[in-house]
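Student: Enclosed is the structure file input-v2.cif (mmCIF, C-alpha atoms).
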```
data_final
#
loop_
_atom_site.label_atom_id
_atom_site.label_comp_id
_atom_site.auth_asym_id
_atom_site.auth_seq_id
_atom_site.Cartn_x
_atom_site.Cartn_y
_atom_site.Cartn_z
CA MET G 61 8.60 30.42 29.53
CA LYS G 62 5.69 31.90 27.63
CA PHE G 63 3.36 29.83 25.48
CA SER G 64 0.45 30.70 23.24
CA ILE G 65 -1.67 27.65 22.53
CA TYR G 66 -4.56 27.07 20.12
CA ARG G 67 -7.68 26.10 22.05
CA TYR G 68 -10.89 24.76 20.63
CA ASN G 69 -13.53 22.62 22.26
CA PRO G 70 -16.36 22.11 19.75
CA GLU G 71 -18.80 21.37 22.60
CA THR G 72 -18.39 24.75 24.29
CA ASP G 73 -16.56 27.11 21.90
CA THR G 74 -18.06 28.68 18.83
CA LYS G 75 -14.63 29.68 17.53
CA PRO G 76 -11.03 28.62 18.19
CA TYR G 77 -8.87 31.06 20.18
CA MET G 78 -5.27 31.38 21.37
CA GLN G 79 -4.65 31.04 25.11
CA ASP G 80 -1.52 32.35 26.83
CA TYR G 81 0.31 30.23 29.37
CA GLU G 82 3.35 30.83 31.55
CA LEU G 83 5.50 28.06 32.87
CA ASP G 84 8.43 28.13 35.26
CA ILE G 85 10.77 25.67 33.57
CA GLU G 86 14.50 25.40 32.90
CA PRO G 87 14.59 24.82 29.11
CA GLU G 88 18.06 23.25 29.01
CA GLY G 89 17.92 19.53 28.21
CA LYS G 90 14.12 19.41 28.01
CA MET G 91 11.81 18.82 25.12
CA LEU G 92 8.68 20.75 24.21
CA LEU G 93 6.49 17.80 25.20
CA ASP G 94 7.85 18.02 28.80
CA ALA G 95 6.59 21.60 28.96
CA ILE G 96 3.21 20.69 27.44
CA LEU G 97 2.69 17.93 30.00
CA LEU G 98 3.50 20.38 32.84
CA LEU G 99 1.05 22.86 31.30
CA LYS G 100 -1.53 20.10 31.23
CA GLU G 101 -1.02 19.70 34.98
CA GLN G 102 -1.80 23.42 35.33
CA ASP G 103 -4.81 23.23 33.04
CA GLU G 104 -6.13 19.73 32.58
CA THR G 105 -8.58 20.78 29.85
CA LEU G 106 -5.63 21.23 27.45
CA SER G 107 -5.85 18.30 25.05
CA VAL G 108 -2.93 16.75 23.22
CA ARG G 109 -2.00 13.34 21.85
CA ARG G 110 1.25 11.74 22.96
CA SER G 111 2.51 8.28 23.63
CA CYS G 112 6.13 7.17 23.37
CA ARG G 113 7.61 10.66 24.09
CA GLU G 114 10.75 9.82 22.07
CA GLY G 115 9.92 10.40 18.42
CA VAL G 116 8.91 6.84 17.58
CA CYS G 117 5.12 6.73 17.73
CA GLY G 118 4.35 9.91 15.80
CA SER G 119 1.43 10.94 18.02
CA ASP G 120 2.42 14.46 19.03
CA GLY G 121 2.80 16.11 15.64
CA MET G 122 1.81 19.77 15.88
CA ASN G 123 2.58 23.17 14.42
CA ILE G 124 5.34 24.69 16.56
CA ASN G 125 6.08 28.37 15.89
CA GLY G 126 4.73 27.94 12.37
CA ARG G 127 6.59 24.74 11.55
CA ASN G 128 5.27 21.18 11.83
CA GLY G 129 7.19 18.89 14.15
CA LEU G 130 7.04 16.39 16.97
CA ALA G 131 6.85 18.07 20.39
CA CYS G 132 8.76 15.18 22.00
CA VAL G 133 11.91 15.69 19.90
CA THR G 134 11.83 19.49 19.72
CA PRO G 135 14.37 20.96 22.19
CA LEU G 136 12.75 23.63 24.37
CA ARG G 137 15.79 25.89 24.45
CA ASP G 138 15.75 26.48 20.67
CA LEU G 139 12.20 27.85 20.63
CA LYS G 140 11.42 31.54 20.26
CA GLN G 141 8.99 32.86 22.89
CA PRO G 142 6.08 32.97 23.18
CA VAL G 143 6.04 29.44 21.79
CA GLU G 144 3.04 29.29 19.49
CA LEU G 145 1.43 25.86 19.34
CA ARG G 146 -1.29 25.02 16.84
CA PRO G 147 -2.78 21.77 15.57
CA LEU G 148 -1.39 20.33 12.31
CA PRO G 149 -2.79 22.50 9.49
CA GLY G 150 -5.23 21.21 6.89
CA LEU G 151 -6.95 18.54 8.97
CA PRO G 152 -10.18 18.95 10.97
CA VAL G 153 -9.58 19.80 14.63
CA ILE G 154 -11.18 17.44 17.13
CA ARG G 155 -10.09 19.46 20.14
CA ASP G 156 -7.16 21.81 20.92
CA LEU G 157 -4.04 20.22 19.40
CA ILE G 158 -5.76 16.99 18.38
CA VAL G 159 -6.64 16.61 14.69
CA ASP G 160 -8.74 14.05 12.87
CA MET G 161 -6.25 11.95 10.91
CA SER G 162 -8.87 9.86 9.03
CA GLN G 163 -8.12 11.48 5.68
CA PHE G 164 -4.40 10.95 6.15
CA PHE G 165 -4.79 7.26 6.95
CA LYS G 166 -7.27 6.79 4.12
CA HIS G 167 -4.58 7.86 1.68
CA TYR G 168 -2.08 5.66 3.45
CA ARG G 169 -4.36 2.63 3.06
CA SER G 170 -5.06 3.53 -0.59
CA VAL G 171 -1.44 2.83 -1.60
CA LYS G 172 -1.72 -0.74 -0.24
CA PRO G 173 1.11 -0.39 2.25
CA TYR G 174 1.94 -4.07 2.43
CA LEU G 175 3.95 -6.60 0.47
CA ILE G 176 2.08 -8.06 -2.51
CA ASN G 177 3.68 -11.30 -3.61
CA ALA G 178 1.82 -14.16 -5.31
CA ASP G 179 4.59 -16.73 -4.93
CA PRO G 180 4.01 -19.61 -2.48
CA GLU G 181 5.00 -18.55 0.97
CA PRO G 182 8.48 -19.84 1.83
CA GLU G 183 9.03 -21.88 5.00
CA ILE G 184 10.86 -19.19 6.93
CA GLU G 185 10.90 -15.79 5.29
CA ARG G 186 11.22 -14.05 1.93
CA LEU G 187 14.93 -13.40 1.61
CA GLN G 188 16.50 -10.23 0.30
CA SER G 189 20.10 -9.44 -0.59
CA PRO G 190 21.77 -6.82 1.61
CA GLU G 191 21.82 -4.49 -1.43
CA ASP G 192 18.09 -4.87 -2.03
CA ARG G 193 17.45 -4.36 1.66
CA ALA G 194 19.53 -1.17 1.57
CA GLU G 195 17.13 0.16 -1.06
CA LEU G 196 14.52 0.49 1.66
CA ASP G 197 16.64 2.78 3.82
CA GLY G 198 15.18 6.26 4.00
CA LEU G 199 11.74 4.81 3.19
CA TYR G 200 10.76 2.35 5.90
CA GLU G 201 11.53 4.72 8.79
CA CYS G 202 8.35 6.77 8.34
CA ILE G 203 6.27 6.88 11.55
CA LEU G 204 3.13 8.39 9.93
CA CYS G 205 3.10 11.48 12.14
CA ALA G 206 1.55 13.49 9.24
CA CYS G 207 3.94 16.43 9.71
CA CYS G 208 4.85 16.25 6.00
CA SER G 209 1.41 15.86 4.44
CA THR G 210 -0.10 18.62 6.57
CA SER G 211 2.68 21.04 5.59
CA CYS G 212 2.09 20.39 1.88
CA PRO G 213 0.05 23.08 0.07
CA SER G 214 -1.05 20.52 -2.53
CA PHE G 215 -2.48 18.42 0.31
CA TRP G 216 -4.26 21.50 1.71
CA TRP G 217 -5.89 22.26 -1.64
CA ASN G 218 -6.81 18.67 -2.59
CA PRO G 219 -6.75 16.64 0.65
CA ASP G 220 -9.31 14.20 -0.70
CA LYS G 221 -7.48 13.38 -3.93
CA PHE G 222 -3.77 13.98 -3.52
CA VAL G 223 -2.15 11.04 -1.74
CA GLY G 224 0.32 13.34 -0.04
CA PRO G 225 4.03 12.94 0.70
CA ALA G 226 3.61 10.36 3.47
CA GLY G 227 1.42 8.07 1.36
CA LEU G 228 3.64 8.44 -1.70
CA LEU G 229 6.77 7.72 0.32
CA GLN G 230 5.09 4.54 1.58
CA SER G 231 4.01 3.63 -1.92
CA TYR G 232 7.59 3.95 -3.15
CA ARG G 233 8.75 1.91 -0.17
CA PHE G 234 6.84 -1.06 -1.65
CA ILE G 235 7.57 -0.22 -5.29
CA ASN G 236 11.24 -0.33 -4.37
CA ASP G 237 11.01 -3.55 -2.36
CA SER G 238 12.57 -6.39 -4.37
CA ARG G 239 10.06 -8.84 -2.83
CA ASP G 240 7.00 -6.90 -4.02
CA GLN G 241 5.39 -8.01 -7.29
CA ALA G 242 2.72 -5.34 -7.78
CA THR G 243 4.88 -2.53 -9.17
CA ASN G 244 2.79 -2.08 -12.30
CA GLU G 245 -0.49 -2.02 -10.40
CA ARG G 246 0.99 0.46 -7.94
CA LEU G 247 2.19 2.69 -10.78
CA ASP G 248 -1.18 2.37 -12.56
CA ASP G 249 -2.88 3.49 -9.39
CA LEU G 250 -0.60 6.49 -8.96
CA GLU G 251 -0.50 7.68 -12.56
CA ASP G 252 -3.15 10.28 -12.05
CA PRO G 253 -3.11 14.06 -12.23
CA TYR G 254 -4.39 14.12 -8.65
CA ARG G 255 -2.99 11.16 -6.78
CA LEU G 256 0.62 11.77 -7.77
CA PHE G 257 0.95 14.78 -10.05
CA ARG G 258 -0.40 17.33 -7.58
CA CYS G 259 3.12 17.27 -6.16
CA HIS G 260 4.85 20.43 -7.40
CA SER G 261 8.15 19.68 -5.61
CA ILE G 262 7.54 22.39 -3.02
CA MET G 263 9.58 20.28 -0.59
CA ASN G 264 7.90 21.43 2.61
CA CYS G 265 7.69 17.70 3.41
CA VAL G 266 11.47 17.33 3.33
CA GLU G 267 11.88 20.48 5.38
CA VAL G 268 9.70 19.30 8.27
CA CYS G 269 10.14 15.50 8.43
CA PRO G 270 11.22 14.75 12.02
CA LYS G 271 12.89 11.55 10.84
CA GLY G 272 14.92 13.36 8.17
CA LEU G 273 13.26 11.49 5.29
CA ASN G 274 12.87 12.82 1.75
CA PRO G 275 9.39 12.20 0.27
CA THR G 276 10.12 14.53 -2.68
CA ARG G 277 12.96 12.25 -3.73
CA ALA G 278 10.68 9.20 -3.48
CA ILE G 279 8.04 10.98 -5.58
CA GLY G 280 10.75 11.83 -8.12
CA LYS G 281 11.69 8.15 -8.28
CA ILE G 282 8.05 7.19 -8.90
CA LYS G 283 7.88 9.72 -11.75
CA GLU G 284 11.14 8.36 -13.08
CA LEU G 285 9.66 4.84 -13.19
CA LEU G 286 6.55 6.18 -14.90
CA VAL G 287 8.71 7.82 -17.57
CA LYS G 288 10.72 4.63 -17.90
CA ARG G 289 7.70 2.46 -18.57
CA THR G 290 6.21 4.98 -21.03
CA VAL G 291 9.12 5.80 -23.31
CA MET J 128 16.82 1.34 -7.26
CA VAL J 129 15.49 -2.17 -7.84
CA LYS J 130 15.30 -3.08 -11.53
CA ARG J 131 11.73 -3.18 -12.79
CA ILE J 132 10.11 -4.03 -16.09
CA VAL J 133 7.38 -1.43 -16.36
CA SER J 134 4.72 -0.79 -19.00
CA GLY J 135 1.10 0.33 -19.50
CA ALA J 136 0.69 4.08 -18.82
CA HIS J 137 -2.40 6.28 -18.48
CA TYR J 138 -2.70 10.03 -17.93
CA GLY J 139 -0.86 12.76 -16.08
CA LEU J 140 2.67 11.81 -16.93
CA LYS J 141 2.67 13.35 -20.39
CA ASP J 142 1.74 16.81 -19.16
CA TRP J 143 4.33 16.67 -16.43
CA LEU J 144 6.99 15.57 -18.90
CA ILE J 145 6.00 18.12 -21.56
CA GLN J 146 6.31 20.88 -18.97
CA ARG J 147 9.88 19.81 -18.27
CA VAL J 148 10.83 19.55 -21.95
CA THR J 149 9.34 22.95 -22.81
CA ALA J 150 11.23 24.44 -19.85
CA VAL J 151 14.49 23.20 -21.37
CA VAL J 152 13.59 24.70 -24.76
CA MET J 153 12.81 28.05 -23.10
CA ALA J 154 16.08 27.95 -21.16
CA PHE J 155 18.14 27.42 -24.34
CA TYR J 156 16.33 30.15 -26.23
CA SER J 157 16.77 32.56 -23.30
CA LEU J 158 20.50 31.81 -23.21
CA PHE J 159 20.67 32.46 -26.96
CA LEU J 160 18.94 35.84 -26.56
CA ILE J 161 21.15 36.80 -23.60
CA GLY J 162 24.14 35.90 -25.78
CA PHE J 163 22.80 38.16 -28.49
CA PHE J 164 22.34 41.07 -26.06
CA LEU J 165 25.86 40.64 -24.71
CA THR J 166 27.65 40.33 -28.06
CA GLN J 167 25.69 42.39 -30.58
CA PRO J 168 25.00 46.13 -30.70
CA LEU J 169 21.45 46.94 -29.69
CA THR J 170 20.23 48.76 -32.77
CA TYR J 171 17.13 48.48 -34.90
CA ALA J 172 19.23 47.10 -37.73
CA SER J 173 20.78 44.29 -35.69
CA TRP J 174 17.43 43.40 -34.09
CA ASN J 175 15.73 43.42 -37.48
CA SER J 176 18.37 41.28 -39.13
CA LEU J 177 18.24 38.81 -36.25
CA PHE J 178 14.55 38.17 -36.71
CA TYR J 179 14.76 38.29 -40.50
CA SER J 180 16.71 35.03 -40.61
CA LEU J 181 14.54 31.92 -40.95
CA PRO J 182 16.32 29.79 -38.30
CA VAL J 183 15.79 32.52 -35.69
CA ARG J 184 12.14 32.83 -36.68
CA LEU J 185 11.66 29.09 -36.35
CA ALA J 186 13.53 29.02 -33.02
CA SER J 187 11.39 31.91 -31.79
CA LEU J 188 8.26 30.10 -32.88
CA LEU J 189 9.43 26.94 -31.11
CA PHE J 190 10.12 29.02 -28.01
CA LEU J 191 6.68 30.65 -28.16
CA PHE J 192 4.92 27.32 -28.60
CA SER J 193 6.92 26.02 -25.64
CA VAL J 194 5.82 29.01 -23.56
CA LEU J 195 2.19 28.43 -24.54
CA ILE J 196 2.21 24.68 -23.81
CA HIS J 197 4.12 25.26 -20.58
CA ALA J 198 1.58 27.91 -19.64
CA TRP J 199 -1.28 25.57 -20.42
CA VAL J 200 0.01 22.86 -18.06
CA GLY J 201 0.81 25.47 -15.43
CA MET J 202 -2.58 27.15 -15.66
CA ARG J 203 -4.33 23.78 -15.58
CA ASP J 204 -2.33 22.91 -12.46
CA ILE J 205 -3.33 26.19 -10.80
CA PHE J 206 -7.00 25.57 -11.65
CA MET J 207 -6.77 22.01 -10.30
CA ASP J 208 -5.34 23.33 -7.05
CA TYR J 209 -7.58 26.31 -6.47
CA ILE J 210 -10.75 26.10 -8.60
CA HIS J 211 -12.86 23.14 -7.55
CA PRO J 212 -16.34 23.58 -9.09
CA THR J 213 -16.29 21.65 -12.36
CA PHE J 214 -18.26 24.16 -14.40
CA ILE J 215 -16.09 27.15 -13.47
CA ARG J 216 -12.96 25.11 -14.04
CA LEU J 217 -14.09 23.89 -17.45
CA THR J 218 -14.99 27.46 -18.44
CA LEU J 219 -11.54 28.66 -17.38
CA HIS J 220 -9.88 25.77 -19.22
CA VAL J 221 -11.68 26.69 -22.45
CA ALA J 222 -10.90 30.38 -21.96
CA VAL J 223 -7.20 29.70 -21.42
CA ILE J 224 -6.96 27.32 -24.39
CA LEU J 225 -8.66 29.85 -26.69
CA ALA J 226 -6.45 32.68 -25.43
CA LEU J 227 -3.29 30.63 -25.92
CA MET J 228 -4.36 29.65 -29.45
CA ALA J 229 -4.98 33.31 -30.25
CA TYR J 230 -1.53 34.17 -28.89
CA ALA J 231 -0.01 31.48 -31.10
CA ALA J 232 -1.63 32.92 -34.23
CA TRP J 233 -0.63 36.43 -33.19
CA ALA J 234 2.98 35.33 -32.62
CA VAL J 235 3.18 33.81 -36.11
CA GLN J 236 1.77 36.98 -37.59
CA ILE J 237 4.31 39.16 -35.75
CA LEU J 238 7.30 36.96 -36.57
CA TRP J 239 6.49 36.77 -40.27
CA SER J 240 5.80 40.48 -40.56
CA VAL J 241 9.50 41.29 -40.12
CA GLN J 242 10.67 42.81 -43.41
#
```
Starting from the coordinates I provided, produce the structure as structure tokens.
Tutor:
Amino acid sequence: MKFSIYRYNPETDTKPYMQDYELDIEPEGKMLLDAILLLKEQDETLSVRRSCREGVCGSDGMNINGRNGLACVTPLRDLKQPVELRPLPGLPVIRDLIVDMSQFFKHYRSVKPYLINADPEPEIERLQSPEDRAELDGLYECILCACCSTSCPSFWWNPDKFVGPAGLLQSYRFINDSRDQATNERLDDLEDPYRLFRCHSIMNCVEVCPKGLNPTRAIGKIKELLVKRTV
Amino acid sequence: MVKRIVSGAHYGLKDWLIQRVTAVVMAFYSLFLIGFFLTQPLTYASWNSLFYSLPVRLASLLFLFSVLIHAWVGMRDIFMDYIHPTFIRLTLHVAVILALMAYAAWAVQILWSVQ
């Protein structure tokens, strides 16, 4: 199989470049990450993040033939050759396919991604009805791989101000948690032309999410709540 | 969705909402005009009599104001996305607002010039 991979080592290269690789591999039943790890055996300078290799940790997000995705859950046989691998767009490149995710996590932290509840802590746990728990389905599964935010043009243009689909999905995850008591504060924080309203429903986030989540829907729900508390 | 009692809004929502409402107004007016094109003969007389009636003039004016407000939010969004230096953006904002206000006056003048 033929690969064309983005290479950039800031210590030695003045500019990024694409390097061609060939690999003798039977694509059937294998994932892209398997091929990348074999390529790394060929050329150990090739840098990539990976950990769980089964779509749970969210480390190996990258741009695969122009589309963001996780290498570990992308079947090799479906890929058009030469397979073009680039780092996630819109974030600073540290080296090769590794990007600096600081900005992404800063936005994640800014939505206070934890339960805020002022009631005295119960002895065992804060209980939820099965219906209320079901409200969190499609929200809690996010693995923070950044595939969505880095495919969002609004995030490219205003990465410092727009929270991005991943952060907004997480924000809604807590807004929609029956145990959380900070809904108003969360909405106050999001009601901003930048933090929330840069979303133009482009839906690239939905298109690329490796977990099949729908951040645009969550953002719509946040807007719906904002309308509800205004009118 | 979990039931929430929510209150206390700031900024950003209104523009987003206004853009949606004006879009609905434009859609209805467009349907009305398409209906006119499909059912009425396209002559100067029919066109003239259409715009001579006060309700159509008012609807047209409502449509034009909707276009202008919609355009304002859209242009502001484009500037927020692509134009980052504050001074240039503010200049463009003022230019767009003045242009849209001029269009509004011009539209009134055209609509009420129909004899």
Student: Under the PyMOL selection byres ((chain G) within 8 of (chain J)), which residues of this model are included? Write them out as a list in words.
Tutor: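 So the PyMOL selection byres ((chain G) within 8 of (chain J)), applied here, picks out Asp192, Glu195, Ser214, Trp217, Asn218, Asn236, Asp237, Ser238, Thr243, Asn244, Asp248, Glu251, Asp252, Pro253, Phe257, Arg258, Lys283, Leu285, Leu286, Val287, Lys288, Arg289 and Thr290 of chain G.
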Student: Excluding Phe178 in chain J and its own-chain neighbours fewer than 6 positions away, which residues fall within 9 Å of it when counting all atoms listed in the file? Please give them as a ChimeraX atom specification.
Tutor: /J:184,187,238-239,241
Student: For the residues in that selection, give me C-alpha atoms as a PDB file, keeping the file's coordinate frame.
Tutor:
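File written: out-v1.pdb
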```pdb
ATOM      1  CA  ARG J 184      12.140  32.830 -36.680  1.00  0.00           C
ATOM      2  CA  SER J 187      11.390  31.910 -31.790  1.00  0.00           C
ATOM      3  CA  LEU J 238       7.300  36.960 -36.570  1.00  0.00           C
ATOM      4  CA  TRP J 239       6.490  36.770 -40.270  1.00  0.00           C
ATOM      5  CA  VAL J 241       9.500  41.290 -40.120  1.00  0.00           C
TER       6      VAL J 241
END
```
Student: Applying 12 Å and all atoms listed in the file, which residues near Phe155 in chain J remain after dropping the ones on its own chain fewer than 3 positions away? List them as a PyMOL selection string.
Tutor: chain J and resi 148-152+158-162+186-187+189-190+193
Student: Excluding Ile124 in chain G and residues on its chain fewer than 5 positions from it, collect all residues at most 12 Å away from it, counting all atoms listed in the file, and give them as an MDAnalysis selection string.
Tutor: chainID G and resid 63:66 92:93 96 129:136 138:149 157 207 211 268
Student: Can you list, as an mmCIF file with C-alpha atoms, in the frame of the given file, every protein, DNA or RNA residue that comes within 9 Å of Ala206 in chain G when you count all atoms listed in the file, leaving out same-chain residues fewer than 4 positions away?
Tutor:
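Below is the file out27.cif, written as the result:
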```
data_model
loop_
_atom_site.group_PDB
_atom_site.id
_atom_site.type_symbol
_atom_site.label_atom_id
_atom_site.label_comp_id
_atom_site.auth_asym_id
_atom_site.auth_seq_id
_atom_site.Cartn_x
_atom_site.Cartn_y
_atom_site.Cartn_z
ATOM 1 C CA GLY G 118 4.350 9.910 15.800
ATOM 2 C CA GLY G 121 2.800 16.110 15.640
ATOM 3 C CA ASN G 128 5.270 21.180 11.830
ATOM 4 C CA LEU G 148 -1.390 20.330 12.310
ATOM 5 C CA MET G 161 -6.250 11.950 10.910
ATOM 6 C CA PHE G 164 -4.400 10.950 6.150
ATOM 7 C CA THR G 210 -0.100 18.620 6.570
ATOM 8 C CA SER G 211 2.680 21.040 5.590
ATOM 9 C CA PRO G 225 4.030 12.940 0.700
ATOM 10 C CA ALA G 226 3.610 10.360 3.470
ATOM 11 C CA CYS G 269 10.140 15.500 8.430
#
```
Student: Place a sphere of radius 6 Å on (1.1, 12.0, -4.3) in the file coordinates and name every protein, DNA or RNA residue with an atom inside or on its surface, counting only C-alpha atoms; give the answer as a list in words.
Tutor: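 Collected hits near the coordinates: Phe222, Val223, Gly224, Pro225, Leu228, Arg255, Leu256 and Cys259 of chain G.
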Student: Since we have the selection now, will you write its residues out, keeping C-alpha atoms, as a PDB file, in the frame of the given file?
Tutor:
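Okay, this is what ended up in out_1.pdb:
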```pdb
ATOM      1  CA  PHE G 222      -3.770  13.980  -3.520  1.00  0.00           C
ATOM      2  CA  VAL G 223      -2.150  11.040  -1.740  1.00  0.00           C
ATOM      3  CA  GLY G 224       0.320  13.340  -0.040  1.00  0.00           C
ATOM      4  CA  PRO G 225       4.030  12.940   0.700  1.00  0.00           C
ATOM      5  CA  LEU G 228       3.640   8.440  -1.700  1.00  0.00           C
ATOM      6  CA  ARG G 255      -2.990  11.160  -6.780  1.00  0.00           C
ATOM      7  CA  LEU G 256       0.620  11.770  -7.770  1.00  0.00           C
ATOM      8  CA  CYS G 259       3.120  17.270  -6.160  1.00  0.00           C
TER       9      CYS G 259
END
```
Student: Report, in Å with one decimal, the straight-line distance from CA of Arg113 in chain G to CA of Met91 in chain G.
Tutor: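 Result for CA of Arg113 in chain G versus CA of Met91 in chain G: 9.2 Å, one decimal.
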Student: So that I can check the surroundings of range 104-111 of chain G, please list as a CSV table (one decimal) with C-alpha atoms, in the frame of the given file every protein, DNA and RNA residue that reaches within 7 Å of it, counting only C-alpha atoms and ignoring chain neighbours fewer than 3 positions away.
Tutor:
```csv
chain,number,residue,atom,x,y,z
G,100,LYS,CA,-1.5,20.1,31.2
G,101,GLU,CA,-1.0,19.7,35.0
G,117,CYS,CA,5.1,6.7,17.7
G,119,SER,CA,1.4,10.9,18.0
G,120,ASP,CA,2.4,14.5,19.0
G,155,ARG,CA,-10.1,19.5,20.1
G,156,ASP,CA,-7.2,21.8,20.9
G,157,LEU,CA,-4.0,20.2,19.4
G,158,ILE,CA,-5.8,17.0,18.4
```
Student: I need the residue set behind the PyMOL selection byres ((chain J and resi 195) around 10) for this file; please write it as a VMD selection string.
Tutor: chain J and resid 149 189 to 194 196 to 201 223 to 224 226 to 228 230 to 231
Student: For each of G:Glu181, G:Glu267, G:Glu86, G:Glu114, take the minimum atom-to-atom distance to Arg239 in chain G, counting all atoms listed in the file, then give the residue where this is smallest.
Tutor: G:Glu181
Student: Name the residues captured by the PyMOL selection byres ((chain G and resi 197) around 12) when it is applied to the shown file; answer as a list of chain:residue names.
Tutor: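 Output from the PyMOL selection byres ((chain G and resi 197) around 12), applied to this file: G:Pro190, G:Glu191, G:Asp192, G:Arg193, G:Ala194, G:Glu195, G:Leu196, G:Gly198, G:Leu199, G:Tyr200, G:Glu201, G:Cys202, G:Leu229, G:Gln230, G:Tyr232, G:Arg233, G:Phe234, G:Asn236, G:Asp237, G:Lys271, G:Gly272, G:Leu273, G:Asn274, G:Ala278, J:Met128.
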Student: One decimal, Å: what's the distance from CA of Val159 in chain G over to CA of Asp80 in chain G, could you say?
Tutor: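 Taking CA of Val159 in chain G and CA of Asp80 in chain G, their separation equals 20.5 Å.
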Student: Suppose you want the space between CA of Val171 in chain G and CA of Glu245 in chain G; what is it in Å?
Tutor: 10.1 Å
